[in-house]
Amino acid sequence: MNEIVASWAERIRAAAADGRALNLQGGGSKDFHGRRAVGEDFALAEHAGVVDYEPTELVVTVRGGTPLAELEALLAAQGQFLAFEPPHFGAGATVAGCVAAGLSGPRRASVGAVRDFVLGVKLLDGRGEVLSFGGQVMKNVAGYDVSRLVAGSLGTLGVILELSLKVLPRPPREATLRFELAEGEAIDRLNDWGGQPLPISASAWSAGVLTLRLSGAEAAVAAAITRLGGEQLADDQASAFWDDVKEQRSPLYTLAGHEQLWRLSLPSSAAPLRLSGRQVIEWGGAQRWLAGDLPAAQVRGRAAELGGHATLFRGGDRASEVFSPLPAPLFALHRRLKATFDPAGIFNPGRLYQGL
Amino acid sequence: MMETTEDLPAFALTEVDYSGLDRARVVQALAKVLPVGALLFDSEDVRPYECDGLASYRAVPLAVALPSTEEEVVAILRTCSELGVPVVARGAGTGLSGGAQPHPHGLLLSMARFNRILHLDAHARTAVVQPGVRNLSISEAAAPHNLYYAPDPSSQLACTIGGNVAENAGGVHCLKYGLTVHNLLRVRAVTMEGEIIELGGHALDAPGYDLLALFTGSEGMLGVVTEVTVKLTPKPQIARCVLATFDDVTKAGEAVAAVIAAGIIPAGLEMMDQPATAAVEEFVRAGYPLDAKAILLSEADGTPEEVAEEIARVSEVLQASGAGEIRVSRDEAERLRFWAGRKAAFPAAGRISPDYYCMDGTIPRKRLGEMLEAIQGMEGRYGLRCLNVFHAGDGNLHPLILFDANQPGELERAEAFGTEILELSVAFGGTITGEHGVGIEKVGQMCVQFGERERKQFFRVKSAFDPDGLLNPGKAIPTLNRCAEYGRMHVQGGALPHPELPRF
Ligand SMILES: Cc1cc2nc3c(=O)[nH]c(=O)nc-3n(C[C@H](O)[C@H](O)[C@H](O)COP(=O)(O)OP(=O)(O)OC[C@H]3O[C@@H](n4cnc5c(N)ncnc54)[C@H](O)[C@@H]3O)c2cc1C
């Protein structure tokens, strides 16, 4: 065990013994995410660095505190990338924070989420012990898949020391098309296209305009452009656009003091929301952002009616529930599971749910 | 639940003895909650369930239940929970690691009657199916919409989606389209205590922990699946396959790495060595060249333009990696013929040998050549032949060890041979199982794959779902005592004790 890890283990054991909550901190770029943090700050960014990277194996292993930007630059130099296109939401974003937050970017609907690319994890658990799950190979069914469980757990299960992630070659060609379409039409069109072998890698609709990205082999992208029509964006304009979508830089996301940003995760073909506010639709219809000022119950109710769930993403009351409440048996299971990793309940208590 | 000071469930320490169960009482209690014909307990009726695809391990269950509704599953599990009876769920029984092998004092819960596709939404590209539905029938049902269910285990004609979820099954096309875990949206399951839980949902994610990921590949240890929602994928317009020959297995292994390094993710990238090629050629006449030390199959799919582009790039890379002959399938019939050989590898092994033992390690791609050489060495040492078929693109090995169980000592030698391959896979930075699961078969090698801390944590995770450890006991995760014993017999890190002694 290296020195940093040994000292962290010590600190965790002491905190567990006195039942002191720890607020796990990577780069602080996702402090806004989840319920209000409690406990003493536990800074984790110093445990950084690339452990192993073999481009031909399509796997990279890094320490948790490695800056996400640094990892992305390393991969880019080899023509590879994190295909789930994680949002950074700030300069300090770390790789462990990215996985713990479980947020995926514009490419999610076509290539998969963060969890789909997690191959292995090394954790420091609530007993102060280092646990290693999964590995560096693509296919691995030995033992329960704890590595993927860690994605999106918001630091409630343990300190992520190390991660092995699957990486992919960058597609040789990308192109972005634009269409004028009303909301319902855009949702329909996206689902129709989704059922056809088209190289669609991202979509974003707002205010009557659907923007579509194609990625793949030269020939596949060229054929799709001919087939789909629309207006094509210049490459630099397109990449700035998708970066803004990923990082939520458009003015649509700028909240007035009383407003909140909701994330609705729905079946892709779900009907239009018909809720007041500014909207961005991504992931072929499966992710819908809503900025405005509506009662939580109304947003949650509508999400449930449409077969999905809603998260209070930014703004609003972070002392109450941020994520959609779980059915009782499932919540009980969450509590039991959390206790197996963190018996004293010291890691980010209440960040995901009250009482977890 | 008994607990030690380390908050471990009692069943983590040593296997529980269930021999004291009162069989008559169990059968009587189950008969009360099941309709006539849904409970079998006569020995000739339960005998057909004594093993799965790993036929060298057998056990006759106390009884077999064949529920057809979720209420019946709940009632069965509640009853067994109350009486402390072990339960083993079963799909089609094609598993290759003994996961569905019955417990001799437990109930075998067959999900065969859950065989309906409940709903197929072509627009949203999802299908809601019961767990006993066969893998291939989902694709058949989706075909009129030009959609299919991507994971395609070679057993797809027979294996069930419930079994696929439990094993996180893969297939030839998983390199590009992902494993079962990447193609599921939702699982509905009943816990051992009879609670219904839904993991995932019809959106792309669900609130809370990603229990869908945790559950996938959990080998029937955490709950009984009663309903599954899968994603459907649009069928590519066309597919073509490249067949390349190599005069050296190491070169073939390096060619695999070179294809990936060139930024190409083929729809399938498979490798067979010469003995495997010869065996299948005799069986299906796929037209494989017999003089090559190894052949590679690389498939491209997509639009015609895209496929032409990829075929050209792949051929170039293979050429540069020292391929001899390169053939490209000219039509669908020829493409299917190329694959027919690969897909017939298991039955071909069964045809040239009375028995075969299929291994399932995964290693980093760059070590494929080294592994093949090591296996050749083992063939000599164990006095047994081995055919090698690999899902090379993702480093997943299926060495097929040939043996004759009627010859005294051969089964034991085949098992020792297999163990050595698996331990070498771990030593190479890989894993003992890529897609077939640990089951009963590799429970010993789990002691090498994981340290004690991880194994303890697995038991704690298990107990969060199943506090009394009644679901599929003795499988997947070895007890601490078992590993202590294994450690006495084997040296960690891939080497067997006393390598100087002949092993046959
Ligand atoms: C010739 C051949 C080729 C094969 N090729 C491949 C391949 O290419 N890729 C691959 O991944 N596998 C392959 N397999 C292995 C096997 O087919 C898969 O593991 C398959 O997923 C098992 O499905 P099954 O329905 O037969 O499950 P079973 O064998 O009946 O059960 C497997 C496990 O799942 C559990 N289970 C079954 N149903 C449920 C349920 N409803 N709820 C909870 N647990 C359940 C059982 O308890 C058991 O642990 C092959 C097998 C054979 C015989």
# chains A, B, ... in the order shown; residues from 1 in each chain; ligands from 1
call {"tool": "interface_residues", "arguments": {"of": "chain A", "to": "chain B", "cutoff": "7 Å", "atoms": "only C-alpha atoms", "output": "PyMOL selection string"}}
result
chain A and resi 55-57+116+131-132+137-146+148-149+152-153+169+191-192+195-197+217+219-220+265-269+286+307-308+323-324+329-330+333+336-337+340
call {"tool": "residues_near_ligand", "arguments": {"ligand": "ligand 1", "cutoff": "8 Å", "atoms": "only C-alpha atoms and all ligand atoms", "output": "number ranges by chain"}}
result
B: 52-53, 88-101, 110-111, 131-132, 134, 152-156, 158-172, 189, 218-226, 346-347, 434-437, 439, 472
call {"tool": "residues_around", "arguments": {"residues": "segment 414-423 of chain B", "least_positions_apart": "5", "cutoff": "9 Å", "atoms": "only C-alpha atoms", "output": "PyMOL selection string"}}
result
chain B and resi 356-362+371+374-375+378-379+381-382+384+399+401-403+409+428+430-433+442+445+448-449+492-496+503
call {"tool": "write_last_selection", "arguments": {"atoms": "N, CA and C atoms", "output": "JSON list (two decimals), in the first residue's frame"}}
result
[["chain", "number", "residue", "atom", "x", "y", "z"],
["B", 356, "TYR", "N", -15.14, -33.79, -24.15],
["B", 356, "TYR", "CA", -14.27, -32.62, -24.21],
["B", 356, "TYR", "C", -14.62, -31.69, -23.07],
["B", 357, "TYR", "N", -13.63, -30.88, -22.71],
["B", 357, "TYR", "CA", -13.80, -29.98, -21.58],
["B", 357, "TYR", "C", -13.49, -28.57, -22.10],
["B", 358, "CYS", "N", -14.50, -27.69, -22.02],
["B", 358, "CYS", "CA", -14.35, -26.35, -22.61],
["B", 358, "CYS", "C", -13.92, -25.34, -21.55],
["B", 359, "MET", "N", -12.81, -24.68, -21.79],
["B", 359, "MET", "CA", -12.33, -23.66, -20.86],
["B", 359, "MET", "C", -12.77, -22.27, -21.34],
["B", 360, "ASP", "N", -12.60, -21.26, -20.49],
["B", 360, "ASP", "CA", -13.22, -19.96, -20.79],
["B", 360, "ASP", "C", -12.41, -18.78, -20.25],
["B", 361, "GLY", "N", -11.08, -18.91, -20.16],
["B", 361, "GLY", "CA", -10.30, -17.80, -19.62],
["B", 361, "GLY", "C", -10.27, -16.61, -20.57],
["B", 362, "THR", "N", -9.99, -15.43, -20.03],
["B", 362, "THR", "CA", -9.77, -14.26, -20.87],
["B", 362, "THR", "C", -8.41, -13.67, -20.51],
["B", 371, "MET", "N", 0.06, -17.76, -24.89],
["B", 371, "MET", "CA", -0.86, -18.71, -24.28],
["B", 371, "MET", "C", -0.95, -19.97, -25.14],
["B", 374, "ALA", "N", 2.02, -22.07, -24.58],
["B", 374, "ALA", "CA", 1.96, -22.71, -23.26],
["B", 374, "ALA", "C", 1.01, -23.91, -23.30],
["B", 375, "ILE", "N", -0.11, -23.74, -23.99],
["B", 375, "ILE", "CA", -1.08, -24.84, -24.07],
["B", 375, "ILE", "C", -0.48, -26.03, -24.80],
["B", 378, "MET", "N", 1.47, -27.91, -22.42],
["B", 378, "MET", "CA", 0.61, -28.67, -21.50],
["B", 378, "MET", "C", 0.07, -29.94, -22.14],
["B", 379, "GLU", "N", -0.23, -29.87, -23.44],
["B", 379, "GLU", "CA", -0.74, -31.05, -24.14],
["B", 379, "GLU", "C", 0.24, -32.20, -23.95],
["B", 381, "ARG", "N", 2.53, -32.50, -21.54],
["B", 381, "ARG", "CA", 2.65, -32.88, -20.13],
["B", 381, "ARG", "C", 1.46, -33.68, -19.63],
["B", 382, "TYR", "N", 0.27, -33.31, -20.07],
["B", 382, "TYR", "CA", -0.92, -34.02, -19.58],
["B", 382, "TYR", "C", -1.30, -35.19, -20.49],
["B", 384, "LEU", "N", -2.83, -35.08, -23.33],
["B", 384, "LEU", "CA", -4.18, -34.90, -23.87],
["B", 384, "LEU", "C", -4.11, -33.87, -25.00],
["B", 399, "PRO", "N", -10.25, -23.04, -25.10],
["B", 399, "PRO", "CA", -9.55, -24.29, -25.40],
["B", 399, "PRO", "C", -10.48, -25.47, -25.10],
["B", 401, "ILE", "N", -10.40, -29.23, -24.35],
["B", 401, "ILE", "CA", -9.50, -30.32, -23.99],
["B", 401, "ILE", "C", -10.21, -31.65, -24.26],
["B", 402, "LEU", "N", -9.58, -32.47, -25.08],
["B", 402, "LEU", "CA", -10.21, -33.75, -25.46],
["B", 402, "LEU", "C", -9.79, -34.85, -24.50],
["B", 403, "PHE", "N", -10.77, -35.64, -24.07],
["B", 403, "PHE", "CA", -10.43, -36.75, -23.17],
["B", 403, "PHE", "C", -11.50, -37.84, -23.28],
["B", 409, "GLY", "N", -8.54, -41.93, -14.90],
["B", 409, "GLY", "CA", -7.58, -40.84, -14.73],
["B", 409, "GLY", "C", -7.66, -39.74, -15.76],
["B", 428, "PHE", "N", -1.42, -14.01, -16.42],
["B", 428, "PHE", "CA", -1.25, -13.11, -17.56],
["B", 428, "PHE", "C", -2.04, -11.81, -17.40],
["B", 430, "GLY", "N", -5.35, -11.76, -16.69],
["B", 430, "GLY", "CA", -6.71, -11.97, -17.19],
["B", 430, "GLY", "C", -7.61, -12.58, -16.13],
["B", 431, "THR", "N", -8.57, -13.36, -16.59],
["B", 431, "THR", "CA", -9.58, -13.88, -15.68],
["B", 431, "THR", "C", -9.90, -15.34, -16.00],
["B", 432, "ILE", "N", -10.43, -16.04, -15.01],
["B", 432, "ILE", "CA", -10.74, -17.47, -15.17],
["B", 432, "ILE", "C", -12.02, -17.69, -15.96],
["B", 433, "THR", "N", -12.84, -16.66, -16.10],
["B", 433, "THR", "CA", -14.04, -16.86, -16.89],
["B", 433, "THR", "C", -14.49, -15.58, -17.59],
["B", 442, "LYS", "N", -15.48, -23.69, -11.47],
["B", 442, "LYS", "CA", -14.27, -22.90, -11.24],
["B", 442, "LYS", "C", -14.23, -22.27, -9.86],
["B", 445, "GLN", "N", -10.77, -22.11, -8.50],
["B", 445, "GLN", "CA", -9.87, -21.10, -9.08],
["B", 445, "GLN", "C", -10.21, -19.68, -8.63],
["B", 448, "VAL", "N", -7.76, -18.21, -6.48],
["B", 448, "VAL", "CA", -6.56, -17.63, -7.10],
["B", 448, "VAL", "C", -6.89, -16.27, -7.70],
["B", 449, "GLN", "N", -8.09, -16.19, -8.26],
["B", 449, "GLN", "CA", -8.49, -14.94, -8.93],
["B", 449, "GLN", "C", -8.64, -13.79, -7.94],
["B", 492, "GLN", "N", -0.25, -20.42, -5.31],
["B", 492, "GLN", "CA", -0.84, -19.26, -5.97],
["B", 492, "GLN", "C", -0.01, -18.82, -7.17],
["B", 493, "GLY", "N", -0.66, -18.18, -8.12],
["B", 493, "GLY", "CA", 0.06, -17.55, -9.21],
["B", 493, "GLY", "C", 0.32, -18.45, -10.40],
["B", 494, "GLY", "N", -0.42, -19.50, -10.54],
["B", 494, "GLY", "CA", -0.39, -20.24, -11.79],
["B", 494, "GLY", "C", 0.44, -21.51, -11.78],
["B", 495, "ALA", "N", 1.30, -21.70, -10.79],
["B", 495, "ALA", "CA", 2.14, -22.91, -10.83],
["B", 495, "ALA", "C", 1.52, -24.01, -9.97],
["B", 496, "LEU", "N", 1.53, -25.20, -10.48],
["B", 496, "LEU", "CA", 1.06, -26.34, -9.69],
["B", 496, "LEU", "C", 2.19, -26.78, -8.77],
["B", 503, "ARG", "N", 2.39, -35.92, -14.73],
["B", 503, "ARG", "CA", 0.98, -35.83, -14.34],
["B", 503, "ARG", "C", 0.10, -36.83, -15.07]]
call {"tool": "residues_around", "arguments": {"residues": "Ala37 of chain A", "least_positions_apart": "3", "cutoff": "8 Å", "atoms": "only C-alpha atoms", "output": "list in words"}}
result
Asn23, Asp31, Asn348, Pro349, Gly350 and Arg351 of chain A
call {"tool": "select_by_dssp", "arguments": {"residues": "segment 166-319 of chain A", "states": "alpha helix (DSSP H)", "output": "ChimeraX atom specification"}}
result
/A:183-194,218-228,235-247,296-305
call {"tool": "residues_around", "arguments": {"residues": "Ser239 of chain A", "least_positions_apart": "4", "cutoff": "10 Å", "atoms": "only C-alpha atoms", "output": "ChimeraX atom specification"}}
result
/A:174-176,213,233-235,243-245
call {"tool": "atom_distance", "arguments": {"atom1": "atom CA of Leu62 of chain B", "atom2": "atom CA of Leu39 of chain B"}}
result
10.8 Å
